[in-house]
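Enquirer: Compact mmCIF, C-alpha atoms and all ligand atoms, saved as protein_21.txt, coming up:
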# COMPACT_ATOMS: atom_id res chain seq x y z
CA MET R 940 -12.88 19.70 -17.06
CA LYS R 941 -11.33 17.63 -19.80
CA GLN R 942 -13.76 15.24 -21.48
CA LYS R 943 -11.92 12.16 -22.68
CA LYS R 944 -9.96 9.80 -20.51
CA ALA R 945 -6.38 10.98 -20.38
CA ARG R 946 -3.07 9.29 -19.66
CA PHE R 947 -2.03 8.38 -16.10
CA ASP R 948 0.43 11.30 -15.77
CA THR R 949 -2.41 13.70 -16.66
CA GLU R 950 -5.06 12.03 -14.48
CA VAL R 951 -2.92 12.38 -11.32
CA ILE R 952 -3.23 16.14 -11.83
CA HIS R 953 -6.78 16.55 -13.18
CA ALA R 954 -9.05 13.57 -12.45
CA GLY R 955 -12.07 14.17 -10.24
CA TYR R 956 -11.76 17.96 -10.08
CA ASP R 957 -13.45 20.76 -11.97
CA GLY R 958 -12.36 24.22 -10.84
CA LYS R 959 -15.51 25.75 -12.39
CA SER R 960 -17.59 24.28 -9.57
CA HIS R 961 -15.22 25.84 -7.02
CA LEU R 962 -15.12 29.56 -7.95
CA GLY R 963 -12.35 28.87 -10.47
CA SER R 964 -9.85 27.73 -7.86
CA LEU R 965 -6.94 26.07 -9.69
CA VAL R 966 -6.19 23.88 -6.67
CA PRO R 967 -8.95 21.87 -4.93
CA PRO R 968 -10.16 23.94 -1.96
CA LEU R 969 -9.74 22.69 1.57
CA TYR R 970 -13.19 22.28 3.16
CA GLN R 971 -11.96 22.22 6.74
CA SER R 972 -15.44 21.86 8.20
CA SER R 973 -16.85 19.19 10.50
CA THR R 974 -20.47 19.78 9.48
CA PHE R 975 -22.63 21.29 6.72
CA ILE R 976 -25.56 23.69 7.04
CA PHE R 977 -29.01 22.64 5.81
CA ASP R 978 -31.26 25.28 4.20
CA ASN R 979 -34.20 24.01 6.21
CA ALA R 980 -35.51 21.07 8.23
CA VAL R 981 -36.88 19.19 5.23
CA GLN R 982 -33.55 19.39 3.44
CA GLY R 983 -31.85 17.87 6.48
CA GLU R 984 -34.44 15.11 6.56
CA ARG R 985 -34.02 14.41 2.84
CA ARG R 986 -30.21 14.28 3.10
CA PHE R 987 -30.31 11.82 5.97
CA ALA R 988 -32.84 9.72 4.05
CA GLY R 989 -30.53 9.69 1.02
CA GLU R 990 -33.20 11.37 -1.10
CA GLU R 991 -31.07 14.41 -1.83
CA ALA R 992 -27.37 14.57 -2.64
CA GLY R 993 -25.27 16.85 -0.46
CA TYR R 994 -23.00 16.89 2.54
CA ILE R 995 -24.15 16.28 6.13
CA TYR R 996 -21.18 15.77 8.45
CA SER R 997 -17.52 15.08 7.60
CA ARG R 998 -17.46 11.52 8.95
CA LEU R 999 -20.09 10.75 6.29
CA GLY R 1000 -18.39 12.68 3.50
CA ASN R 1001 -16.45 15.87 2.80
CA PRO R 1002 -15.97 17.71 -0.52
CA THR R 1003 -12.14 17.80 -0.35
CA VAL R 1004 -12.02 14.12 0.58
CA LYS R 1005 -14.43 13.35 -2.28
CA ILE R 1006 -12.06 14.88 -4.86
CA LEU R 1007 -9.25 12.63 -3.57
CA GLU R 1008 -11.54 9.58 -3.70
CA ASP R 1009 -12.69 10.33 -7.25
CA ARG R 1010 -9.11 10.84 -8.40
CA MET R 1011 -7.92 7.58 -6.83
CA ALA R 1012 -10.80 5.64 -8.39
CA VAL R 1013 -9.65 6.79 -11.83
CA LEU R 1014 -5.96 6.02 -11.13
CA GLU R 1015 -6.69 2.48 -9.90
CA HIS R 1016 -9.28 1.75 -12.65
CA GLY R 1017 -11.99 1.26 -9.99
CA GLU R 1018 -15.60 2.45 -9.89
CA ALA R 1019 -15.23 4.31 -6.61
CA ALA R 1020 -12.87 4.96 -3.67
CA LEU R 1021 -13.01 5.77 0.03
CA ALA R 1022 -10.36 7.56 2.09
CA PHE R 1023 -9.43 6.65 5.67
CA GLY R 1024 -7.40 8.05 8.54
CA SER R 1025 -4.69 5.38 8.15
CA GLY R 1026 -3.82 2.38 6.03
CA MET R 1027 -4.87 0.13 8.91
CA ALA R 1028 -8.26 1.89 9.15
CA ALA R 1029 -8.69 0.99 5.47
CA VAL R 1030 -7.55 -2.63 5.93
CA SER R 1031 -9.77 -3.17 8.98
CA ALA R 1032 -12.84 -1.53 7.38
CA VAL R 1033 -12.50 -3.88 4.38
CA LEU R 1034 -11.79 -7.08 6.31
CA VAL R 1035 -14.51 -6.49 8.91
CA SER R 1036 -16.93 -5.67 6.10
CA LEU R 1037 -16.16 -8.86 4.15
CA THR R 1038 -16.26 -11.35 7.04
CA LYS R 1039 -18.47 -12.68 9.81
CA THR R 1040 -17.86 -15.13 12.66
CA GLY R 1041 -16.81 -18.54 11.33
CA ASP R 1042 -15.44 -17.24 8.03
CA HIS R 1043 -11.93 -17.84 6.70
CA ILE R 1044 -9.40 -15.46 5.12
CA LEU R 1045 -6.67 -16.81 2.84
CA CYS R 1046 -3.69 -14.49 3.05
CA SER R 1047 -0.44 -14.23 1.12
CA GLN R 1048 2.62 -15.69 2.86
CA GLY R 1049 3.98 -12.53 4.37
CA VAL R 1050 1.94 -9.51 5.24
CA TYR R 1051 2.33 -6.11 6.90
CA GLY R 1052 2.90 -6.60 10.66
CA CYS R 1053 -0.27 -4.80 11.79
CA THR R 1054 -2.38 -6.63 9.20
CA PHE R 1055 -1.08 -9.81 10.81
CA GLY R 1056 -2.04 -8.33 14.19
CA LEU R 1057 -5.55 -7.58 12.91
CA LEU R 1058 -6.02 -11.16 11.60
CA LYS R 1059 -4.99 -12.46 15.01
CA LEU R 1060 -7.37 -10.07 16.79
CA MET R 1061 -10.29 -11.03 14.52
CA ASN R 1062 -9.50 -14.68 15.16
CA GLU R 1063 -9.39 -14.29 18.93
CA LYS R 1064 -12.47 -12.10 19.22
CA TYR R 1065 -14.70 -13.25 16.36
CA LYS R 1066 -13.41 -16.74 15.46
CA ILE R 1067 -12.48 -15.72 11.94
CA GLU R 1068 -9.85 -18.19 10.72
CA TYR R 1069 -6.88 -17.35 8.53
CA ASN R 1070 -4.14 -19.21 6.70
CA PHE R 1071 -1.07 -18.10 4.83
CA SER R 1072 -0.46 -19.30 1.31
CA LYS R 1073 2.41 -18.97 -1.17
CA MET R 1074 -0.27 -18.65 -3.89
CA ASN R 1075 2.14 -19.96 -6.48
CA SER R 1076 0.07 -22.78 -8.00
CA VAL R 1077 -3.59 -23.29 -8.87
CA GLU R 1078 -3.54 -26.79 -7.37
CA ALA R 1079 -2.26 -25.55 -4.00
CA LEU R 1080 -4.70 -22.63 -3.98
CA GLU R 1081 -7.66 -24.89 -4.68
CA LYS R 1082 -6.70 -27.00 -1.68
CA GLU R 1083 -6.21 -23.99 0.57
CA ILE R 1084 -9.52 -22.36 -0.27
CA LYS R 1085 -12.20 -23.63 2.13
CA PRO R 1086 -15.99 -23.60 1.86
CA ASN R 1087 -16.00 -20.71 4.36
CA THR R 1088 -13.27 -18.65 2.64
CA ALA R 1089 -14.72 -15.14 2.52
CA CYS R 1090 -11.81 -13.36 0.92
CA ILE R 1091 -8.32 -13.73 -0.49
CA TYR R 1092 -5.95 -11.09 0.80
CA ILE R 1093 -2.77 -10.34 -1.13
CA GLU R 1094 0.23 -8.17 -0.59
CA THR R 1095 2.54 -7.94 -3.59
CA PRO R 1096 5.39 -7.16 -3.49
CA ILE R 1097 5.33 -8.77 -0.06
CA ASN R 1098 6.75 -6.66 2.74
CA PRO R 1099 9.70 -7.00 3.43
CA THR R 1100 10.95 -9.95 1.31
CA MET R 1101 9.71 -8.58 -2.02
CA LYS R 1102 8.19 -11.85 -3.22
CA LEU R 1103 5.39 -11.41 -5.73
CA VAL R 1104 1.96 -12.96 -6.13
CA ASP R 1105 0.70 -13.60 -9.66
CA PHE R 1106 -2.69 -11.84 -9.99
CA GLU R 1107 -3.71 -13.86 -13.05
CA LEU R 1108 -3.22 -17.15 -11.22
CA VAL R 1109 -5.13 -16.10 -8.08
CA VAL R 1110 -7.95 -14.28 -9.89
CA LYS R 1111 -8.67 -17.26 -12.13
CA THR R 1112 -9.18 -19.58 -9.15
CA ALA R 1113 -10.99 -17.00 -7.00
CA LYS R 1114 -13.44 -16.02 -9.77
CA GLU R 1115 -14.50 -19.64 -10.28
CA LYS R 1116 -15.42 -19.81 -6.61
CA GLY R 1117 -16.85 -16.29 -6.35
CA ILE R 1118 -14.35 -15.18 -3.70
CA PRO R 1119 -13.33 -11.49 -3.66
CA VAL R 1120 -9.62 -10.75 -4.07
CA VAL R 1121 -8.27 -7.86 -1.99
CA VAL R 1122 -4.83 -6.40 -2.76
CA ASP R 1123 -2.67 -4.15 -0.59
CA ASN R 1124 -1.01 -2.11 -3.36
CA THR R 1125 0.99 0.16 -1.03
CA PHE R 1126 4.44 -0.89 -2.28
CA SER R 1127 3.70 -0.21 -5.94
CA SER R 1128 1.21 2.66 -6.11
CA PRO R 1129 -1.13 2.68 -9.13
CA TYR R 1130 1.72 4.07 -11.25
CA LEU R 1131 3.51 0.71 -11.16
CA GLN R 1132 0.67 -1.78 -10.71
CA ARG R 1133 -3.13 -1.70 -11.13
CA PRO R 1134 -4.62 -4.89 -9.63
CA ILE R 1135 -8.23 -4.10 -10.66
CA ALA R 1136 -7.11 -4.10 -14.30
CA HIS R 1137 -5.96 -7.71 -13.66
CA GLY R 1138 -9.38 -8.72 -12.30
CA CYS R 1139 -8.83 -8.17 -8.55
CA ASP R 1140 -11.81 -6.72 -6.70
CA VAL R 1141 -10.56 -4.36 -4.01
CA VAL R 1142 -7.35 -2.33 -3.72
CA ILE R 1143 -6.05 -0.92 -0.45
CA HIS R 1144 -3.33 1.64 0.10
CA SER R 1145 -1.46 2.92 3.03
CA ALA R 1146 -1.55 6.40 1.45
CA THR R 1147 1.04 7.33 4.07
CA LYS R 1148 3.67 5.94 1.70
CA TYR R 1149 4.03 6.68 -2.05
CA ILE R 1150 0.60 8.32 -2.52
CA CYS R 1151 1.53 11.06 -0.04
CA GLY R 1152 5.20 10.89 -0.91
CA HIS R 1153 6.36 13.53 1.53
CA GLY R 1154 6.29 11.78 4.90
CA ASP R 1155 3.80 14.22 6.44
CA VAL R 1156 0.48 12.33 6.44
CA VAL R 1157 -0.89 9.04 7.80
CA ALA R 1158 -3.84 7.93 5.65
CA GLY R 1159 -5.46 5.02 3.84
CA LEU R 1160 -7.51 4.38 0.70
CA VAL R 1161 -9.82 1.68 -0.60
CA ILE R 1162 -10.77 1.39 -4.26
CA GLY R 1163 -13.33 -1.03 -5.70
CA LYS R 1164 -16.86 -1.47 -6.95
CA GLN R 1165 -19.48 1.16 -6.18
CA GLU R 1166 -21.80 -1.30 -4.46
CA PHE R 1167 -19.15 -2.70 -2.11
CA LEU R 1168 -17.79 0.72 -1.20
CA LYS R 1169 -21.30 2.02 -0.49
CA LYS R 1170 -21.68 -0.79 2.01
CA VAL R 1171 -18.29 0.02 3.62
CA ALA R 1172 -19.15 3.75 3.76
CA LYS R 1173 -22.46 3.05 5.51
CA THR R 1174 -21.09 0.49 7.98
CA THR R 1175 -17.45 -0.04 8.88
CA GLN R 1176 -16.37 3.45 7.78
CA LYS R 1177 -19.28 5.37 9.30
CA ASP R 1178 -19.71 3.37 12.50
CA ILE R 1179 -16.10 2.49 13.34
CA GLY R 1180 -15.16 5.93 12.09
CA GLY R 1181 -11.57 5.83 10.90
CA VAL R 1182 -12.02 8.74 8.50
CA ILE R 1183 -9.37 11.04 7.03
CA SER R 1184 -9.15 14.72 7.94
CA PRO R 1185 -9.88 17.15 5.07
CA PHE R 1186 -6.42 18.71 5.43
CA ASP R 1187 -4.72 15.33 5.06
CA ALA R 1188 -6.84 14.64 1.96
CA TRP R 1189 -5.74 18.02 0.60
CA LEU R 1190 -2.08 17.16 1.20
CA LEU R 1191 -2.56 13.81 -0.57
CA LEU R 1192 -4.08 15.57 -3.60
CA ARG R 1193 -1.00 17.77 -3.67
CA GLY R 1194 1.38 14.83 -3.30
CA LEU R 1195 -0.38 12.77 -5.96
CA LYS R 1196 0.37 15.31 -8.70
CA THR R 1197 4.04 14.32 -8.70
CA LEU R 1198 3.55 10.57 -8.20
CA PRO R 1199 4.84 9.51 -11.66
CA ILE R 1200 7.89 11.78 -11.45
CA ARG R 1201 8.70 10.66 -7.93
CA MET R 1202 8.18 6.97 -8.66
CA ASP R 1203 10.52 7.09 -11.66
CA ARG R 1204 13.24 8.48 -9.40
CA HIS R 1205 12.51 6.07 -6.52
CA CYS R 1206 12.78 3.20 -9.03
CA GLU R 1207 16.01 4.47 -10.55
CA ASN R 1208 17.63 4.95 -7.15
CA ALA R 1209 16.49 1.49 -5.98
CA SER R 1210 17.97 -0.04 -9.12
CA ARG R 1211 21.33 1.69 -8.48
CA ILE R 1212 21.30 0.53 -4.85
CA PHE R 1213 20.51 -3.02 -5.96
CA GLN R 1214 23.39 -3.04 -8.47
CA PHE R 1215 25.78 -1.78 -5.83
CA LEU R 1216 24.74 -4.23 -3.10
CA LYS R 1217 24.31 -7.27 -5.35
CA THR R 1218 28.05 -7.80 -5.74
CA HIS R 1219 29.18 -6.35 -2.41
CA PRO R 1220 31.22 -8.89 -0.39
CA LYS R 1221 29.51 -7.97 2.91
CA ILE R 1222 25.99 -8.54 1.57
CA ASP R 1223 24.50 -12.02 1.64
CA LYS R 1224 21.02 -12.18 0.06
CA ILE R 1225 19.28 -9.42 -1.83
CA TYR R 1226 15.55 -9.14 -2.42
CA TYR R 1227 14.55 -6.87 -5.30
CA PRO R 1228 11.94 -7.78 -7.95
CA GLY R 1229 14.06 -6.16 -10.68
CA ASP R 1230 16.83 -8.73 -10.10
CA PRO R 1231 16.80 -11.16 -13.07
CA ASP R 1232 17.78 -13.86 -10.52
CA HIS R 1233 14.73 -13.05 -8.35
CA GLU R 1234 12.34 -16.03 -8.30
CA ASP R 1235 9.41 -13.82 -9.31
CA TYR R 1236 11.16 -11.74 -11.96
CA GLU R 1237 8.79 -13.03 -14.67
CA ILE R 1238 5.74 -12.05 -12.60
CA MET R 1239 7.25 -8.58 -12.15
CA LYS R 1240 7.57 -8.19 -15.92
CA LYS R 1241 4.00 -9.38 -16.38
CA GLN R 1242 2.16 -7.18 -13.89
CA MET R 1243 4.40 -4.29 -12.81
CA GLU R 1244 5.57 -1.33 -14.91
CA GLN R 1245 8.85 -1.13 -12.95
CA PRO R 1246 10.28 -3.07 -9.98
CA GLY R 1247 9.59 -0.32 -7.40
CA GLY R 1248 11.60 1.65 -4.89
CA MET R 1249 12.21 -0.98 -2.20
CA VAL R 1250 15.28 -3.16 -1.68
CA SER R 1251 15.75 -5.65 1.15
CA PHE R 1252 19.01 -7.47 1.93
CA THR R 1253 20.78 -9.51 4.56
CA ILE R 1254 24.15 -8.45 5.89
CA LYS R 1255 26.72 -11.22 6.35
CA GLY R 1256 26.70 -11.69 10.11
CA THR R 1257 24.18 -11.48 12.91
CA LYS R 1258 21.39 -9.20 14.04
CA GLU R 1259 24.07 -7.15 15.83
CA THR R 1260 26.09 -6.75 12.61
CA ALA R 1261 22.96 -5.45 10.86
CA GLN R 1262 22.29 -3.06 13.73
CA GLN R 1263 25.92 -1.80 13.74
CA PHE R 1264 25.71 -1.22 9.99
CA ILE R 1265 22.62 0.99 10.20
CA ASN R 1266 24.07 2.87 13.17
CA HIS R 1267 27.00 3.90 10.92
CA LEU R 1268 24.75 5.41 8.23
CA GLN R 1269 24.87 9.19 8.06
CA LEU R 1270 22.56 10.30 5.23
CA ILE R 1271 20.17 7.36 5.35
CA HIS R 1272 17.83 7.54 8.33
CA ILE R 1273 16.80 4.65 10.56
CA ALA R 1274 13.01 4.83 10.37
CA VAL R 1275 10.05 2.69 9.44
CA SER R 1276 7.69 3.83 6.65
CA LEU R 1277 8.60 4.14 2.99
CA GLY R 1278 8.01 6.17 -0.13
CA ASP R 1279 9.43 9.38 1.34
CA PRO R 1280 11.97 11.74 -0.30
CA GLU R 1281 14.46 10.64 2.40
CA THR R 1282 16.08 7.22 2.05
CA LEU R 1283 15.00 5.13 5.05
CA ILE R 1284 16.23 1.85 6.45
CA GLN R 1285 14.73 -0.39 9.12
CA HIS R 1286 15.22 -3.77 10.77
CA PRO R 1287 11.97 -5.76 10.19
CA ALA R 1288 12.61 -8.50 12.81
CA SER R 1289 12.77 -5.95 15.63
CA MET R 1290 10.60 -3.20 14.15
CA THR R 1291 7.77 -3.57 11.57
CA HIS R 1292 7.48 -7.35 11.98
CA ALA R 1293 8.38 -7.68 15.67
CA VAL R 1294 4.77 -8.60 16.54
CA ILE R 1295 5.01 -11.75 14.41
CA PRO R 1296 6.22 -14.75 16.45
CA ALA R 1297 9.79 -15.82 15.56
CA ASP R 1298 8.75 -19.14 13.94
CA GLU R 1299 6.15 -17.42 11.73
CA ARG R 1300 8.75 -14.79 10.88
CA ARG R 1301 11.18 -17.47 9.77
CA LYS R 1302 8.51 -18.99 7.51
CA MET R 1303 8.19 -15.54 5.95
CA GLU R 1304 12.01 -15.50 5.50
CA ILE R 1305 12.39 -12.50 7.77
CA GLU R 1306 15.82 -13.30 9.17
CA ASP R 1307 17.44 -11.43 12.05
CA ASN R 1308 20.08 -9.90 9.75
CA LEU R 1309 17.52 -8.67 7.19
CA LEU R 1310 17.22 -4.95 6.49
CA ARG R 1311 14.62 -3.14 4.39
CA LEU R 1312 15.55 0.02 2.54
CA SER R 1313 13.20 2.55 0.97
CA ALA R 1314 15.09 4.41 -1.76
CA GLY R 1315 14.51 8.15 -1.43
CA LEU R 1316 14.83 10.88 -4.01
CA GLU R 1317 18.38 12.01 -3.20
CA ALA R 1318 21.26 11.85 -5.70
CA TRP R 1319 21.99 8.13 -5.99
CA GLU R 1320 25.74 8.77 -5.74
CA ASP R 1321 25.27 10.16 -2.22
CA ILE R 1322 23.13 7.18 -1.17
CA LEU R 1323 25.75 4.71 -2.46
CA GLU R 1324 28.60 6.58 -0.77
CA ASP R 1325 26.75 6.44 2.53
CA LEU R 1326 26.10 2.68 2.19
CA GLU R 1327 29.75 2.16 1.22
CA GLN R 1328 31.23 4.02 4.20
CA ALA R 1329 28.93 2.20 6.66
CA LEU R 1330 29.75 -1.20 5.12
CA GLU R 1331 33.48 -0.45 5.46
CA LYS R 1332 33.03 -0.02 9.21
CA ILE R 1333 31.58 -3.47 9.91
C1 LIG I 1401 2.33 1.03 6.21
C2 LIG I 1401 1.58 -0.09 5.64
C3 LIG I 1401 0.29 -0.40 6.07
C4 LIG I 1401 -0.40 0.35 7.20
O1 LIG I 1401 -0.65 1.67 6.86
P1 LIG I 1401 -0.72 2.88 7.93
O2 LIG I 1401 -0.97 4.06 7.07
O3 LIG I 1401 0.58 2.91 8.66
O4 LIG I 1401 -1.86 2.57 8.85
C5 LIG I 1401 -0.37 -1.44 5.44
N1 LIG I 1401 0.23 -2.17 4.47
C6 LIG I 1401 1.47 -1.91 4.05
C7 LIG I 1401 2.07 -2.74 2.97
C8 LIG I 1401 2.20 -0.86 4.62
O5 LIG I 1401 3.45 -0.62 4.21
Transcribe the structure of this file into structure tokens.
Ligand SMILES: *Cc1c(COP(=O)(O)O)cnc(C)c1O
Expert:
Amino acid sequence: MKQKKARFDTEVIHAGYDGKSHLGSLVPPLYQSSTFIFDNAVQGERRFAGEEAGYIYSRLGNPTVKILEDRMAVLEHGEAALAFGSGMAAVSAVLVSLTKTGDHILCSQGVYGCTFGLLKLMNEKYKIEYNFSKMNSVEALEKEIKPNTACIYIETPINPTMKLVDFELVVKTAKEKGIPVVVDNTFSSPYLQRPIAHGCDVVIHSATKYICGHGDVVAGLVIGKQEFLKKVAKTTQKDIGGVISPFDAWLLLRGLKTLPIRMDRHCENASRIFQFLKTHPKIDKIYYPGDPDHEDYEIMKKQMEQPGGMVSFTIKGTKETAQQFINHLQLIHIAVSLGDPETLIQHPASMTHAVIPADERRKMEIEDNLLRLSAGLEAWEDILEDLEQALEKI
């Protein structure tokens, strides 16, 4: 294995794996095994007691999964990582681990629909309070943080309106008060944004999206400090049990190798789509962090390498106009999820964010004619031609 720390594009291929310890296998082997054999009774006892390193049972750890975790820790500049069976398994393991009854979570204004659902569930069942915050000034943040605030939870770019939260601003205030900052980095991937390098404490991914990159796995990841992740591994991961399957971890290791190449293309295609839609007479608002008119453009330049592969926009007209438009698309598929080779489009108000009550949705600027597009890897000319022909028909 290489000795010195290499560049990101090299680490996605090599970090956390040494073929010499695996019979020279170029590619990390798939340990598709639920359990591991002990040499004798005492070895089993010592492994359970934590006195001897080694595998026990795949809910507690698996060699293929471990390679993925070690690689992700390097890519996100964290000490350690844990893999989960879905992004939501990762989000819930972290939030349940950080809070107890009576605590408060301060959350960015706008969050993934199921994360919103989880906050509501934790409130109803365990009396954990939550508030949404724009997080755009230190003064406001200081007022919104309560004595019982147990964590600050950020999504940036925010799904689906692509607003950004300034890490520097939040971290400064949170650090003074000793509150951990958790970031859902799904929309950027570590290739575009590394929150831990900006002082955030925990990073979460729905690995289903850009990390996988091929639309064939549902998985999640958490990256952070060794001590915190040890606690998660021994409690909310082990006892709630939302672990990843070894095969899915193997597919993620395979997908990760091309992350930089894919992201460059996703970003280029998104930029072309933005330029095309920005001046189109049938488009009203456009939400894309690479737009110099975007309110958070300066934050994008400060903390992201590129503006990402997502573009949201409102069609002039009603919910029905937006629905007619996507029904006319031929190449672009109507589907939730993102970060796949196929360009996907969805209607947040009736799909990913339908669980959020209409008044909350409005506060998040999720209008009924808003659409969210995930730029795929196709030739951008074909994507634009498809958008054009569907826009002509409405
Ligand atoms: C998809 C998504 C999730 C949930 O991840 P799953 O893998 O679907 O469980 C969480 N946050 C964001 C921003 C997402 O896009």
Enquirer: Residues contacting ligand LIG 1401 (chain I) - anything with an atom at most 8 Å away, using all atoms listed in the file - can you give me those as a list of chain:residue names?
Expert: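 Listing the residues within 8 Å of ligand LIG 1401 (chain I) gives R:Gly1024, R:Ser1025, R:Gly1026, R:Met1027, R:Ala1028, R:Ala1029, R:Val1030, R:Val1050, R:Tyr1051, R:Cys1053, R:Thr1054, R:Glu1094, R:Ile1097, R:Asn1098, R:Asp1123, R:Asn1124, R:Thr1125, R:Phe1126, R:His1144, R:Ser1145, R:Ala1146, R:Thr1147, R:Lys1148, R:Val1157, R:Ala1158, R:Gly1159, R:Ser1276, R:Leu1277.
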Enquirer: Could you give me, as a PyMOL selection string, the residues within 8 Å of Phe1106 of chain R, counting all atoms listed in the file and dropping anything in the same chain fewer than 2 positions from it?
Expert: chain R and resi 1104+1108-1110+1134+1137-1139+1242
Enquirer: So that I can check the surroundings of Lys1164 of chain R, please list as a ChimeraX atom specification every protein, DNA and RNA residue that reaches within 8 Å of it, counting all atoms listed in the file and ignoring chain neighbours fewer than 6 positions away.
Expert: /R:1017-1019,1140-1141
Enquirer: Report, in Å to a single decimal, how far apart atom CA of Leu1021 of chain R and atom CA of Glu1166 of chain R are.
Expert: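 Between atom CA of Glu1166 of chain R and atom CA of Leu1021 of chain R the gap is 12.1 Å.
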Enquirer: Give the answer as one residue: which of R:Lys1073, R:Arg1300, R:Lys1039, R:Lys944 has the shortest atom-to-atom distance to Met1061 of chain R, using all atoms listed in the file?
Expert: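 Among R:Lys1073, R:Arg1300, R:Lys1039, R:Lys944, it is R:Lys1039 that comes nearest to Met1061 of chain R.
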Enquirer: How far is it from atom CA of Ile976 of chain R to atom CA of Leu999 of chain R, in Å with one decimal?
Expert: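 Spanning atom CA of Ile976 of chain R to atom CA of Leu999 of chain R is a straight-line distance of 14.1 Å.
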Enquirer: Give me, as a CSV table (one decimal) with C-alpha atoms, keeping the file's coordinate frame, all polymer residues having an atom no more than 8 Å from Tyr1069 of chain R, counting only C-alpha atoms and skipping those fewer than 3 positions away in the same chain.
Expert:
chain,number,residue,atom,x,y,z
R,1043,HIS,CA,-11.9,-17.8,6.7
R,1044,ILE,CA,-9.4,-15.5,5.1
R,1045,LEU,CA,-6.7,-16.8,2.8
R,1046,CYS,CA,-3.7,-14.5,3.0
R,1058,LEU,CA,-6.0,-11.2,11.6
R,1062,ASN,CA,-9.5,-14.7,15.2
Enquirer: For each of R:Gly1154, R:Pro1185, R:Pro1099, R:Pro1199, take the minimum atom-to-atom distance to Pro1002 of chain R, counting all atoms listed in the file, then give the residue where this is smallest.
Expert: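 Residue with the minimum atom-to-atom distance to Pro1002 of chain R: R:Pro1185.
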Enquirer: Take atom CA of Asn1001 of chain R and atom CA of Pro968 of chain R and report the distance between them in Å, one decimal.
Expert: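 One can read the atom CA of Asn1001 of chain R to atom CA of Pro968 of chain R distance as 11.3 Å.
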Enquirer: Using all atoms listed in the file, pick whichever of R:Pro1287, R:Gly1315, R:Gly1056, R:Gly1194 has the shortest atom-to-atom distance to Met1249 of chain R.
Expert: R:Gly1315
